[in-house]
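Asks: Just my_file.tsv, nothing more (TSV, C-alpha atoms):
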```
chain	number	residue	atom	x	y	z
A	1	MET	CA	-125.62	62.54	30.74
A	2	THR	CA	-127.77	64.50	28.30
A	3	ILE	CA	-128.16	62.41	25.19
A	4	GLY	CA	-126.93	64.08	22.02
A	5	ARG	CA	-124.88	66.69	23.85
A	6	PRO	CA	-121.20	66.36	24.56
A	7	GLY	CA	-120.44	65.80	28.23
A	8	ARG	CA	-117.30	65.91	30.35
A	9	VAL	CA	-114.88	63.36	28.98
A	10	ARG	CA	-111.90	61.84	30.76
A	11	ILE	CA	-109.26	59.58	29.29
A	12	VAL	CA	-108.12	56.98	31.81
A	13	VAL	CA	-104.73	55.39	31.12
A	14	PRO	CA	-104.03	52.37	33.35
A	15	ALA	CA	-100.28	51.82	33.49
A	16	TYR	CA	-98.05	49.24	35.11
A	17	ASP	CA	-94.30	49.60	34.55
A	18	GLU	CA	-94.84	51.58	31.35
A	19	ALA	CA	-92.31	54.37	31.94
A	20	ALA	CA	-90.62	53.62	28.62
A	21	SER	CA	-93.72	54.13	26.50
A	22	LEU	CA	-96.00	56.35	28.61
A	23	GLY	CA	-94.28	59.67	27.79
A	24	ALA	CA	-94.82	59.25	24.04
A	25	VAL	CA	-98.42	58.08	24.59
A	26	LEU	CA	-99.25	61.14	26.71
A	27	ARG	CA	-97.61	63.52	24.22
A	28	GLU	CA	-99.64	61.96	21.40
A	29	LEU	CA	-102.84	62.25	23.44
A	30	GLY	CA	-102.04	65.87	24.28
A	31	ARG	CA	-101.63	66.68	20.58
A	32	SER	CA	-104.72	64.79	19.41
A	33	VAL	CA	-107.49	65.31	21.97
A	34	PRO	CA	-108.73	68.19	24.13
A	35	HIS	CA	-109.93	65.97	26.99
A	36	GLU	CA	-108.43	65.61	30.45
A	37	VAL	CA	-106.21	62.61	31.04
A	38	LEU	CA	-105.77	60.58	34.22
A	39	VAL	CA	-102.97	58.04	34.47
A	40	VAL	CA	-103.63	55.24	36.97
A	41	ASP	CA	-100.22	54.00	38.04
A	42	ASP	CA	-100.85	50.44	39.20
A	43	GLY	CA	-98.05	50.19	41.76
A	44	SER	CA	-95.25	50.52	39.17
A	45	THR	CA	-91.64	50.29	40.25
A	46	ASP	CA	-90.05	51.89	37.16
A	47	GLY	CA	-91.06	55.53	37.67
A	48	THR	CA	-94.27	55.45	35.62
A	49	ALA	CA	-95.90	57.98	37.99
A	50	ALA	CA	-92.95	60.36	37.61
A	51	VAL	CA	-93.26	60.19	33.81
A	52	ALA	CA	-96.98	61.04	34.06
A	53	ARG	CA	-96.35	63.96	36.42
A	54	ALA	CA	-93.48	65.25	34.25
A	55	ALA	CA	-95.91	65.30	31.32
A	56	GLY	CA	-98.22	67.49	33.41
A	57	VAL	CA	-100.91	64.81	33.65
A	58	ARG	CA	-102.90	63.91	36.79
A	59	CYS	CA	-101.72	60.64	38.22
A	60	LEU	CA	-103.53	58.33	40.61
A	61	SER	CA	-100.72	56.33	42.16
A	62	LEU	CA	-101.89	53.05	43.68
A	63	PRO	CA	-99.55	52.05	46.54
A	64	CYS	CA	-99.58	48.41	45.39
A	65	ASN	CA	-100.42	46.48	42.24
A	66	LEU	CA	-104.14	45.69	41.89
A	67	GLY	CA	-103.97	44.28	38.37
A	68	TYR	CA	-105.52	45.69	35.17
A	69	GLY	CA	-109.11	45.34	36.42
A	70	GLY	CA	-108.34	47.04	39.74
A	71	ALA	CA	-106.51	49.92	38.05
A	72	VAL	CA	-109.37	50.48	35.60
A	73	GLN	CA	-111.92	50.38	38.41
A	74	ALA	CA	-109.89	52.95	40.37
A	75	GLY	CA	-109.85	55.19	37.28
A	76	LEU	CA	-113.59	54.78	36.67
A	77	GLU	CA	-114.46	55.43	40.33
A	78	THR	CA	-112.35	58.60	40.35
A	79	ALA	CA	-113.94	59.77	37.11
A	80	LEU	CA	-117.43	59.18	38.49
A	81	ALA	CA	-116.54	60.95	41.75
A	82	ASP	CA	-115.31	63.92	39.68
A	83	GLY	CA	-118.60	64.05	37.76
A	84	CYS	CA	-117.37	62.83	34.37
A	85	ASP	CA	-120.01	61.80	31.82
A	86	VAL	CA	-117.85	59.61	29.60
A	87	VAL	CA	-114.60	57.74	30.25
A	88	VAL	CA	-112.24	56.55	27.54
A	89	LEU	CA	-109.95	53.67	28.48
A	90	PHE	CA	-106.65	53.98	26.66
A	91	ASP	CA	-103.62	51.67	26.97
A	92	ALA	CA	-100.26	53.06	28.11
A	93	ASP	CA	-98.19	50.83	25.82
A	94	GLY	CA	-98.72	52.84	22.65
A	95	GLN	CA	-100.92	50.31	20.85
A	96	HIS	CA	-103.94	52.61	20.71
A	97	PRO	CA	-103.97	55.48	18.20
A	98	ALA	CA	-104.71	58.79	19.91
A	99	ASP	CA	-106.27	60.19	16.74
A	100	ALA	CA	-108.99	57.51	16.97
A	101	VAL	CA	-110.22	58.67	20.40
A	102	GLU	CA	-112.83	61.04	18.96
A	103	ARG	CA	-114.15	58.33	16.60
A	104	VAL	CA	-114.51	55.84	19.47
A	105	LEU	CA	-116.13	58.54	21.61
A	106	ALA	CA	-118.60	59.65	18.95
A	107	PRO	CA	-121.33	56.97	19.36
A	108	VAL	CA	-121.33	57.41	23.15
A	109	LEU	CA	-121.43	61.20	23.00
A	110	ALA	CA	-124.21	61.01	20.43
A	111	GLY	CA	-126.21	58.73	22.73
A	112	ALA	CA	-126.21	55.92	20.17
A	113	ALA	CA	-124.30	53.56	22.47
A	114	ASP	CA	-123.41	53.22	26.14
A	115	VAL	CA	-120.10	51.55	25.39
A	116	ALA	CA	-118.03	51.88	22.22
A	117	ILE	CA	-115.16	49.46	21.63
A	118	GLY	CA	-112.19	50.43	19.50
A	119	SER	CA	-112.24	47.24	17.44
A	120	ARG	CA	-109.43	45.69	15.44
A	121	TYR	CA	-111.68	43.26	13.61
A	122	SER	CA	-115.17	44.70	13.20
A	123	ASP	CA	-114.52	45.73	9.58
A	124	GLY	CA	-113.68	42.18	8.54
A	125	ARG	CA	-109.92	42.31	9.10
A	126	PRO	CA	-108.42	38.95	10.07
A	127	TYR	CA	-107.17	38.14	13.57
A	128	VAL	CA	-103.47	38.80	13.93
A	129	GLY	CA	-100.85	38.15	16.61
A	130	PRO	CA	-99.43	35.00	18.20
A	131	LEU	CA	-101.29	31.70	17.73
A	132	GLY	CA	-102.46	31.51	21.37
A	133	ARG	CA	-103.96	34.99	21.23
A	134	ARG	CA	-105.59	34.30	17.85
A	135	LEU	CA	-107.19	31.15	19.24
A	136	GLY	CA	-108.37	33.05	22.32
A	137	GLN	CA	-109.85	35.81	20.15
A	138	ARG	CA	-111.73	33.26	18.04
A	139	LEU	CA	-112.98	31.43	21.12
A	140	PHE	CA	-114.25	34.58	22.84
A	141	SER	CA	-115.79	36.21	19.78
A	142	GLY	CA	-117.48	32.86	19.03
A	143	LEU	CA	-118.76	32.54	22.59
A	144	THR	CA	-120.08	36.08	22.95
A	145	PRO	CA	-123.06	35.54	20.56
A	146	LEU	CA	-123.98	32.41	22.52
A	147	LEU	CA	-123.98	34.34	25.79
A	148	THR	CA	-125.43	37.65	24.61
A	149	GLY	CA	-127.21	36.92	21.34
A	150	ARG	CA	-125.07	39.36	19.36
A	151	ARG	CA	-121.71	39.32	17.63
A	152	ILE	CA	-118.84	41.33	19.09
A	153	TYR	CA	-115.69	41.04	17.04
A	154	ASP	CA	-113.06	42.42	19.39
A	155	THR	CA	-113.77	41.27	22.93
A	156	THR	CA	-110.25	41.85	24.23
A	157	SER	CA	-109.73	45.45	23.17
A	158	GLY	CA	-108.75	47.75	26.02
A	159	PHE	CA	-109.74	50.82	23.96
A	160	LYS	CA	-113.27	51.70	25.07
A	161	ALA	CA	-115.49	54.71	25.59
A	162	ILE	CA	-117.99	54.15	28.41
A	163	ASN	CA	-120.76	56.43	29.63
A	164	ALA	CA	-121.37	57.14	33.31
A	165	ALA	CA	-124.26	54.66	33.69
A	166	ALA	CA	-122.19	51.79	32.29
A	167	CYS	CA	-119.20	52.91	34.42
A	168	ARG	CA	-121.38	52.65	37.52
A	169	ALA	CA	-122.46	49.13	36.54
A	170	ILE	CA	-118.79	48.18	36.14
A	171	VAL	CA	-117.53	49.64	39.42
A	172	GLU	CA	-120.37	48.01	41.37
A	173	THR	CA	-118.98	44.61	40.41
A	174	MET	CA	-115.72	43.53	41.95
A	175	PHE	CA	-113.29	41.02	40.46
A	176	LEU	CA	-113.75	41.99	36.81
A	177	ASP	CA	-110.92	42.03	34.30
A	178	LEU	CA	-112.76	44.42	31.98
A	179	HIS	CA	-112.73	42.24	28.90
A	180	MET	CA	-115.26	39.79	27.48
A	181	GLU	CA	-116.96	39.16	30.82
A	182	THR	CA	-117.64	42.91	31.20
A	183	ILE	CA	-119.05	43.10	27.67
A	184	VAL	CA	-121.27	40.09	28.41
A	185	ARG	CA	-122.42	41.60	31.71
A	186	LEU	CA	-123.16	45.05	30.24
A	187	ASN	CA	-124.96	43.53	27.27
A	188	LEU	CA	-127.11	41.34	29.50
A	189	LEU	CA	-127.93	44.35	31.69
A	190	GLY	CA	-129.29	46.12	28.61
A	191	PHE	CA	-126.44	48.51	27.84
A	192	ARG	CA	-125.92	49.22	24.13
A	193	ILE	CA	-122.50	48.26	22.80
A	194	ALA	CA	-121.02	49.52	19.54
A	195	GLU	CA	-117.77	48.70	17.77
A	196	VAL	CA	-115.70	51.31	15.96
A	197	PRO	CA	-112.99	50.06	13.57
A	198	VAL	CA	-109.54	51.10	14.77
A	199	THR	CA	-106.07	50.22	13.56
A	200	MET	CA	-103.73	49.45	16.41
A	201	SER	CA	-99.94	49.25	16.41
A	202	GLU	CA	-97.41	47.17	18.28
A	203	ARG	CA	-96.48	48.29	21.80
A	204	HIS	CA	-93.83	51.05	21.87
A	205	ALA	CA	-91.64	49.45	24.57
A	206	GLY	CA	-91.69	47.15	27.60
A	207	VAL	CA	-93.36	43.78	27.95
A	208	SER	CA	-97.02	42.75	27.79
A	209	MET	CA	-98.96	42.09	31.00
A	210	HIS	CA	-99.94	38.75	29.45
A	211	GLY	CA	-97.14	36.34	30.35
A	212	LEU	CA	-96.96	32.57	29.87
A	213	SER	CA	-99.37	31.80	32.69
A	214	SER	CA	-101.97	34.02	30.99
A	215	ALA	CA	-102.36	31.33	28.30
A	216	TRP	CA	-104.54	29.29	30.67
A	217	LYS	CA	-105.34	31.82	33.40
A	218	TYR	CA	-106.87	34.48	31.19
A	219	PRO	CA	-109.34	32.29	29.22
A	220	THR	CA	-110.44	30.29	32.26
A	221	LYS	CA	-110.93	33.42	34.39
A	222	THR	CA	-112.80	35.16	31.58
A	223	LEU	CA	-115.06	32.17	30.96
A	224	LEU	CA	-115.83	31.78	34.65
A	225	LEU	CA	-116.61	35.49	35.03
A	226	SER	CA	-118.81	35.36	31.91
A	227	VAL	CA	-120.83	32.49	33.36
A	228	VAL	CA	-121.12	34.46	36.63
A	229	ALA	CA	-122.30	37.49	34.63
A	230	LEU	CA	-124.90	35.32	32.91
A	231	PHE	CA	-126.12	34.00	36.26
A	232	ASP	CA	-126.14	37.50	37.76
A	233	ALA	CA	-128.06	38.97	34.84
A	234	PHE	CA	-130.61	36.15	35.09
A	235	LEU	CA	-131.11	36.91	38.81
A	236	ILE	CA	-131.39	40.67	38.18
A	237	ARG	CA	-133.93	40.11	35.40
A	238	SER	CA	-136.05	37.72	37.44
A	239	ARG	CA	-135.94	40.14	40.41
A	240	THR	CA	-137.00	43.01	38.13
A	241	ARG	CA	-139.78	40.87	36.63
A	242	ARG	CA	-140.98	39.89	40.11
A	243	GLY	CA	-140.91	43.57	41.18
A	244	ARG	CA	-142.97	44.52	38.14
A	245	THR	CA	-145.49	41.75	38.80
A	246	ASN	CA	-145.81	42.81	42.45
A	247	ARG	CA	-146.29	46.44	41.43
A	248	SER	CA	-148.96	45.58	38.86
A	249	GLU	CA	-150.76	43.32	41.34
A	250	GLY	CA	-150.61	46.08	43.95
A	251	GLY	CA	-151.77	48.60	41.35
A	252	SER	CA	-154.80	46.58	40.29
A	253	GLY	CA	-156.02	46.48	43.88
A	254	THR	CA	-156.04	50.25	44.37
B	255	MET	CA	-111.89	0.92	68.44
B	256	SER	CA	-109.68	-0.06	71.38
B	257	LEU	CA	-109.83	1.80	74.68
B	258	HIS	CA	-106.18	2.71	74.18
B	259	GLY	CA	-106.96	4.36	70.81
B	260	ILE	CA	-109.98	6.21	72.23
B	261	LEU	CA	-107.91	7.57	75.13
B	262	ILE	CA	-105.12	8.78	72.81
B	263	ILE	CA	-107.54	10.57	70.49
B	264	ASP	CA	-109.46	12.14	73.41
B	265	LEU	CA	-106.18	13.29	74.95
B	266	LEU	CA	-105.09	14.77	71.61
B	267	GLY	CA	-108.49	16.48	71.37
B	268	LEU	CA	-108.04	18.02	74.79
B	269	VAL	CA	-104.56	19.27	73.88
B	270	PHE	CA	-105.98	20.82	70.71
B	271	ALA	CA	-108.82	22.43	72.67
B	272	VAL	CA	-106.41	23.96	75.19
B	273	TRP	CA	-104.17	25.17	72.37
B	274	ILE	CA	-107.15	26.80	70.58
B	275	LEU	CA	-108.31	28.48	73.80
B	276	ASN	CA	-104.80	29.78	74.37
B	277	LEU	CA	-104.68	31.16	70.81
B	278	VAL	CA	-107.92	33.06	71.50
B	279	ARG	CA	-106.57	34.26	74.87
B	280	THR	CA	-103.42	35.64	73.23
B	281	GLN	CA	-105.54	37.20	70.44
B	282	ARG	CA	-103.93	35.20	67.67
B	283	LEU	CA	-107.14	33.43	66.61
B	284	HIS	CA	-110.47	35.03	65.79
B	285	LEU	CA	-113.32	33.83	68.02
B	286	GLY	CA	-115.40	32.71	65.02
B	287	TYR	CA	-112.66	30.38	63.77
B	288	ALA	CA	-111.99	29.15	67.32
B	289	LEU	CA	-115.64	28.09	67.69
B	290	LEU	CA	-115.43	26.21	64.40
B	291	TRP	CA	-112.27	24.35	65.43
B	292	LEU	CA	-113.56	23.61	68.94
B	293	ALA	CA	-116.78	22.22	67.45
B	294	ALA	CA	-114.70	20.02	65.11
B	295	VAL	CA	-112.54	18.77	67.99
B	296	ALA	CA	-115.61	18.08	70.16
B	297	GLY	CA	-117.35	16.32	67.28
B	298	ALA	CA	-114.31	14.12	66.58
B	299	MET	CA	-113.93	13.22	70.26
B	300	LEU	CA	-117.62	12.36	70.53
B	301	LEU	CA	-117.56	10.22	67.39
B	302	VAL	CA	-114.47	8.35	68.54
B	303	SER	CA	-115.69	7.81	72.12
B	304	ALA	CA	-119.33	6.82	71.47
B	305	ALA	CA	-119.46	3.46	69.67
B	306	PRO	CA	-123.24	3.54	68.90
B	307	LEU	CA	-122.92	7.03	67.39
B	308	ARG	CA	-119.95	5.87	65.30
B	309	ALA	CA	-121.96	2.91	63.99
B	310	LEU	CA	-124.91	5.18	63.21
B	311	VAL	CA	-122.74	7.65	61.26
B	312	THR	CA	-121.03	4.79	59.40
B	313	ARG	CA	-124.41	3.44	58.27
B	314	ALA	CA	-125.67	6.94	57.47
B	315	VAL	CA	-122.81	7.75	55.07
B	316	GLY	CA	-122.94	4.29	53.51
B	317	ALA	CA	-119.45	3.24	54.65
B	318	LEU	CA	-118.45	-0.31	55.54
B	319	PHE	CA	-115.95	0.60	58.24
B	320	PRO	CA	-116.10	3.36	60.88
B	321	ALA	CA	-112.59	4.52	59.89
B	322	SER	CA	-113.78	5.21	56.31
B	323	ALA	CA	-116.76	7.20	57.61
B	324	LEU	CA	-114.47	9.27	59.86
B	325	ALA	CA	-112.06	9.91	56.97
B	326	LEU	CA	-114.97	11.03	54.77
B	327	LEU	CA	-116.25	13.42	57.45
B	328	ALA	CA	-112.73	14.76	58.02
B	329	PHE	CA	-112.32	15.37	54.28
B	330	ALA	CA	-115.69	17.14	54.06
B	331	PHE	CA	-114.76	19.32	57.04
B	332	ILE	CA	-111.37	20.28	55.55
B	333	PHE	CA	-113.06	21.11	52.23
B	334	PHE	CA	-115.62	23.30	54.04
B	335	VAL	CA	-112.93	25.10	56.03
B	336	LEU	CA	-110.84	25.75	52.91
B	337	ILE	CA	-113.81	27.28	51.09
B	338	LEU	CA	-114.58	29.37	54.16
B	339	PHE	CA	-111.00	30.61	54.24
B	340	SER	CA	-111.09	31.40	50.52
B	341	VAL	CA	-114.21	33.50	51.11
B	342	GLN	CA	-112.49	35.30	53.99
B	343	MET	CA	-109.38	35.91	51.87
B	344	SER	CA	-111.52	37.25	49.02
B	345	ALA	CA	-113.23	39.63	51.45
B	346	LEU	CA	-109.82	40.78	52.70
B	347	THR	CA	-108.60	41.25	49.11
B	348	ARG	CA	-111.68	43.36	48.36
B	349	ARG	CA	-111.16	45.47	51.48
B	350	GLN	CA	-107.46	45.87	50.71
B	351	SER	CA	-108.13	47.05	47.15
B	352	GLU	CA	-110.77	49.51	48.42
B	353	LEU	CA	-108.21	50.87	50.92
B	354	VAL	CA	-105.50	51.09	48.26
B	355	LYS	CA	-107.81	53.04	45.94
B	356	ALA	CA	-108.97	55.36	48.73
B	357	LEU	CA	-105.37	56.00	49.81
B	358	ALA	CA	-104.32	56.76	46.23
B	359	ARG	CA	-107.24	59.18	45.73
B	360	GLU	CA	-106.46	60.94	49.00
B	361	ALA	CA	-102.76	61.23	48.11
B	362	MET	CA	-103.63	62.64	44.66
B	363	ARG	CA	-105.98	65.23	46.19
B	364	GLU	CA	-103.35	66.15	48.78
B	365	ASP	CA	-100.75	66.63	46.01
B	366	GLU	CA	-103.16	68.79	44.04
B	367	ARG	CA	-103.99	70.89	47.12
B	368	SER	CA	-100.29	71.44	47.85
B	369	ASP	CA	-99.68	72.37	44.17
B	370	ASP	CA	-102.46	75.00	44.40
```
For the structure just supplied, provide its representation as structure tokens.

Replies:
Amino acid sequence: MTIGRPGRVRIVVPAYDEAASLGAVLRELGRSVPHEVLVVDDGSTDGTAAVARAAGVRCLSLPCNLGYGGAVQAGLETALADGCDVVVLFDADGQHPADAVERVLAPVLAGAADVAIGSRYSDGRPYVGPLGRRLGQRLFSGLTPLLTGRRIYDTTSGFKAINAAACRAIVETMFLDLHMETIVRLNLLGFRIAEVPVTMSERHAGVSMHGLSSAWKYPTKTLLLSVVALFDAFLIRSRTRRGRTNRSEGGSGT
Amino acid sequence: MSLHGILIIDLLGLVFAVWILNLVRTQRLHLGYALLWLAAVAGAMLLVSAAPLRALVTRAVGALFPASALALLAFAFIFFVLILFSVQMSALTRRQSELVKALAREAMREDERSDD
């Protein structure tokens, strides 16, 4: 992507059983942004794909449920294959404001960041939501500086703008859930991450993908993946350092 | 270990070995897994039949009784096999999700071609 010049932008909307809210979300996106939209239907059984097609939006229909991470990866891979420069991840449940897309995109399009997170808390607003989620938020935003050396306020936001280079780094890694562990990994790999304050609303309809089991599954999975990211980044760095040393030793001899 | 016990375990080992070979013959068991199981059966039969080897292994793992040493080895083997199977299942999951994504992309392109 040419830094400082707007590139081809695609909005990827991962959706699982979101037929009740998707129509309104797509209409709002259509009114607010000029970019192409791709809905990734993650094996829904409630006609989510039909809602997307009825709205005149491209729909990648996965034959079975791969989970949020799998659906996002499918969307990113398709966007990269289609030559997109920037991808915006946007939830199908109506929590993300369509009129904030351009603000979240701006730092990435300007070349000031590789990833911009639509953040609920970066402007000092308090954590809201159920107690479990508040505790999780505090835990992850407290852990991120320890793992990356910088503060990221909203590690669980699904509203992100990501440039092609960062997208490639994400799709190369399997088994990611695209939350804190991805932020940790991208940060450790040297990608620049920015936060843009965004006000989010409650979901329009349906139920959250985070059920009761998520209370222990989500934090443990995220922590494990973050430690793996740390380990991976350490290996990549030491390999790069070794490569540089070898090159400079080879260079001095010629 | 009594001769009676050794004969029963060796007989069981032989039955297992024939069963495993038959599973390979009928293409219900991958050759790689069959080798692993046959090696485990052979190892168990050898350990049970050869008293000096059993005593050596018992001393080597720091157990007081040969039965404890055998149980420890069996536990370690089961643990190893379970991790191996988890790795295989993860590889299958990865391949399945790649296939699902490729199928979905192909179906979307096909739809778009037919719309044009």

Asks: Which polymer residues have any atom within 9 Å of an atom of Met299 in chain B, counting only C-alpha atoms, with same-chain residues fewer than 4 positions away left out, as a VMD selection string?

Replies: chain B and resid 260 263 to 264 267 to 268 294 to 295 303 to 304

Asks: Counting all atoms listed in the file, I want the residues whose atoms come within 9 Å of (-99.7, 63.3, 28.2) in the file frame, returned as a list of chain:residue names.

Replies: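 Residues lying no farther than 9 Å from the given point: A:Leu22, A:Gly23, A:Ala24, A:Val25, A:Leu26, A:Arg27, A:Glu28, A:Leu29, A:Gly30, A:Arg31, A:Val37, A:Leu38, A:Val39, A:Ala52, A:Arg53, A:Ala54, A:Ala55, A:Gly56, A:Val57.
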
Asks: Rounded to one decimal place, report the CA of Leu60 in chain A-CA of Tyr16 in chain A distance in Å.

Replies: 12.0 Å

Asks: Using all atoms listed in the file, collect all residues at a distance of at most 10 Å from (-116.8, 46.7, 32.6) as written in the file, then present them as a PDB file with C-alpha atoms, in the coordinates of the input.

Replies:
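What landed in part20.pdb:
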```pdb
ATOM      1  CA  GLY A  69    -109.110  45.340  36.420  1.00  0.00           C
ATOM      2  CA  VAL A  72    -109.370  50.480  35.600  1.00  0.00           C
ATOM      3  CA  GLN A  73    -111.920  50.380  38.410  1.00  0.00           C
ATOM      4  CA  LEU A  76    -113.590  54.780  36.670  1.00  0.00           C
ATOM      5  CA  VAL A 115    -120.100  51.550  25.390  1.00  0.00           C
ATOM      6  CA  LYS A 160    -113.270  51.700  25.070  1.00  0.00           C
ATOM      7  CA  ILE A 162    -117.990  54.150  28.410  1.00  0.00           C
ATOM      8  CA  ALA A 166    -122.190  51.790  32.290  1.00  0.00           C
ATOM      9  CA  CYS A 167    -119.200  52.910  34.420  1.00  0.00           C
ATOM     10  CA  ARG A 168    -121.380  52.650  37.520  1.00  0.00           C
ATOM     11  CA  ALA A 169    -122.460  49.130  36.540  1.00  0.00           C
ATOM     12  CA  ILE A 170    -118.790  48.180  36.140  1.00  0.00           C
ATOM     13  CA  VAL A 171    -117.530  49.640  39.420  1.00  0.00           C
ATOM     14  CA  GLU A 172    -120.370  48.010  41.370  1.00  0.00           C
ATOM     15  CA  THR A 173    -118.980  44.610  40.410  1.00  0.00           C
ATOM     16  CA  MET A 174    -115.720  43.530  41.950  1.00  0.00           C
ATOM     17  CA  LEU A 176    -113.750  41.990  36.810  1.00  0.00           C
ATOM     18  CA  ASP A 177    -110.920  42.030  34.300  1.00  0.00           C
ATOM     19  CA  LEU A 178    -112.760  44.420  31.980  1.00  0.00           C
ATOM     20  CA  HIS A 179    -112.730  42.240  28.900  1.00  0.00           C
ATOM     21  CA  MET A 180    -115.260  39.790  27.480  1.00  0.00           C
ATOM     22  CA  GLU A 181    -116.960  39.160  30.820  1.00  0.00           C
ATOM     23  CA  THR A 182    -117.640  42.910  31.200  1.00  0.00           C
ATOM     24  CA  ILE A 183    -119.050  43.100  27.670  1.00  0.00           C
ATOM     25  CA  VAL A 184    -121.270  40.090  28.410  1.00  0.00           C
ATOM     26  CA  ARG A 185    -122.420  41.600  31.710  1.00  0.00           C
ATOM     27  CA  LEU A 186    -123.160  45.050  30.240  1.00  0.00           C
TER      28      LEU A 186
END
```

Asks: For chain A versus chain B, which residues have an atom no more than 6 Å away, and what is each residue's nearest atom pair and distance in Å rounded to one decimal, using only C-alpha atoms, chain-then-number order, as JSON lines?

Replies:
```
{"residue": "A:Leu60", "atom": "CA", "partner": "B:Ala358", "partner_atom": "CA", "distance": 5.9}
{"residue": "A:Ser61", "atom": "CA", "partner": "B:Ala358", "partner_atom": "CA", "distance": 5.5}
{"residue": "A:Leu62", "atom": "CA", "partner": "B:Ala358", "partner_atom": "CA", "distance": 5.1}
{"residue": "A:Ala74", "atom": "CA", "partner": "B:Lys355", "partner_atom": "CA", "distance": 5.9}
```

Asks: What gap, in Å, lies between CA of Val88 in chain A and CA of Val104 in chain A?

Replies: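 CA of Val88 in chain A sits 8.4 Å away from CA of Val104 in chain A.
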
Asks: Quick one: of A:Pro107, A:Ser119, A:Leu66, A:Thr222, who's nearest to Leu139 in chain A, counting only C-alpha atoms?

Replies: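 Of A:Pro107, A:Ser119, A:Leu66, A:Thr222, the one nearest Leu139 in chain A is A:Thr222, counting only C-alpha atoms.
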
Asks: Record the distance separating CA of Gln137 in chain A and CA of Trp216 in chain A, expressed in Å with one decimal.

Replies: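 That distance, rounded to one decimal, is 13.5 Å.
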
Asks: Restricting the calculation to all atoms listed in the file: of A:Ala92, A:Leu80, A:Ile11, A:Leu224, which residue gets closest to Arg58 in chain A?

Replies: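 Nearest candidate to Arg58 in chain A out of A:Ala92, A:Leu80, A:Ile11, A:Leu224: A:Ile11.
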
Asks: Out of A:Gly83, A:Gly158, A:Gly70, A:Gly75, which residue has the shortest atom-to-atom distance to Gln95 in chain A when counting all atoms listed in the file?

Replies: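 Selected residue with least distance to Gln95 in chain A: A:Gly158.
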
Asks: What lies within 6 Å of range 187-198 of chain A using all atoms listed in the file, ignoring chain neighbours under 6 positions off, as a PyMOL selection string?

Replies: chain A and resi 104+113-120+122+233

Asks: I'd like the contact shell of Gly297 in chain B - 12 Å cut-off, all atoms listed in the file, skipping same-chain residues fewer than 5 positions apart - returned as number ranges by chain.

Replies: B: 263-264, 267, 271, 289-292, 302-304, 307-308, 311, 324, 327-328, 331

Asks: Could you complete range 350-362 of chain B so that it carries N, CA and C atoms, and give it back as a PDB file, keeping the file's coordinate frame?

Replies:
```pdb
ATOM      1  N   GLN B 350    -108.797  45.321  50.958  1.00  0.00           N
ATOM      2  CA  GLN B 350    -107.460  45.870  50.710  1.00  0.00           C
ATOM      3  C   GLN B 350    -107.480  46.741  49.457  1.00  0.00           C
ATOM      4  N   SER B 351    -108.151  46.258  48.393  1.00  0.00           N
ATOM      5  CA  SER B 351    -108.130  47.050  47.150  1.00  0.00           C
ATOM      6  C   SER B 351    -108.944  48.331  47.332  1.00  0.00           C
ATOM      7  N   GLU B 352    -110.016  48.283  48.134  1.00  0.00           N
ATOM      8  CA  GLU B 352    -110.770  49.510  48.420  1.00  0.00           C
ATOM      9  C   GLU B 352    -109.877  50.511  49.166  1.00  0.00           C
ATOM     10  N   LEU B 353    -109.112  50.004  50.139  1.00  0.00           N
ATOM     11  CA  LEU B 353    -108.210  50.870  50.920  1.00  0.00           C
ATOM     12  C   LEU B 353    -107.124  51.471  50.035  1.00  0.00           C
ATOM     13  N   VAL B 354    -106.565  50.625  49.155  1.00  0.00           N
ATOM     14  CA  VAL B 354    -105.500  51.090  48.260  1.00  0.00           C
ATOM     15  C   VAL B 354    -106.015  52.217  47.371  1.00  0.00           C
ATOM     16  N   LYS B 355    -107.239  52.023  46.830  1.00  0.00           N
ATOM     17  CA  LYS B 355    -107.810  53.040  45.940  1.00  0.00           C
ATOM     18  C   LYS B 355    -108.098  54.337  46.716  1.00  0.00           C
ATOM     19  N   ALA B 356    -108.650  54.178  47.923  1.00  0.00           N
ATOM     20  CA  ALA B 356    -108.970  55.360  48.730  1.00  0.00           C
ATOM     21  C   ALA B 356    -107.694  56.124  49.100  1.00  0.00           C
ATOM     22  N   LEU B 357    -106.648  55.372  49.470  1.00  0.00           N
ATOM     23  CA  LEU B 357    -105.370  56.000  49.810  1.00  0.00           C
ATOM     24  C   LEU B 357    -104.808  56.776  48.616  1.00  0.00           C
ATOM     25  N   ALA B 358    -104.864  56.132  47.441  1.00  0.00           N
ATOM     26  CA  ALA B 358    -104.320  56.760  46.230  1.00  0.00           C
ATOM     27  C   ALA B 358    -105.088  58.040  45.903  1.00  0.00           C
ATOM     28  N   ARG B 359    -106.423  57.988  46.030  1.00  0.00           N
ATOM     29  CA  ARG B 359    -107.240  59.180  45.730  1.00  0.00           C
ATOM     30  C   ARG B 359    -106.903  60.296  46.708  1.00  0.00           C
ATOM     31  N   GLU B 360    -106.770  59.925  47.984  1.00  0.00           N
ATOM     32  CA  GLU B 360    -106.460  60.940  49.000  1.00  0.00           C
ATOM     33  C   GLU B 360    -105.092  61.560  48.739  1.00  0.00           C
ATOM     34  N   ALA B 361    -104.118  60.724  48.383  1.00  0.00           N
ATOM     35  CA  ALA B 361    -102.760  61.230  48.110  1.00  0.00           C
ATOM     36  C   ALA B 361    -102.773  62.155  46.899  1.00  0.00           C
ATOM     37  N   MET B 362    -103.570  61.796  45.869  1.00  0.00           N
ATOM     38  CA  MET B 362    -103.630  62.640  44.660  1.00  0.00           C
ATOM     39  C   MET B 362    -104.246  64.002  45.011  1.00  0.00           C
TER      40      MET B 362
END
```
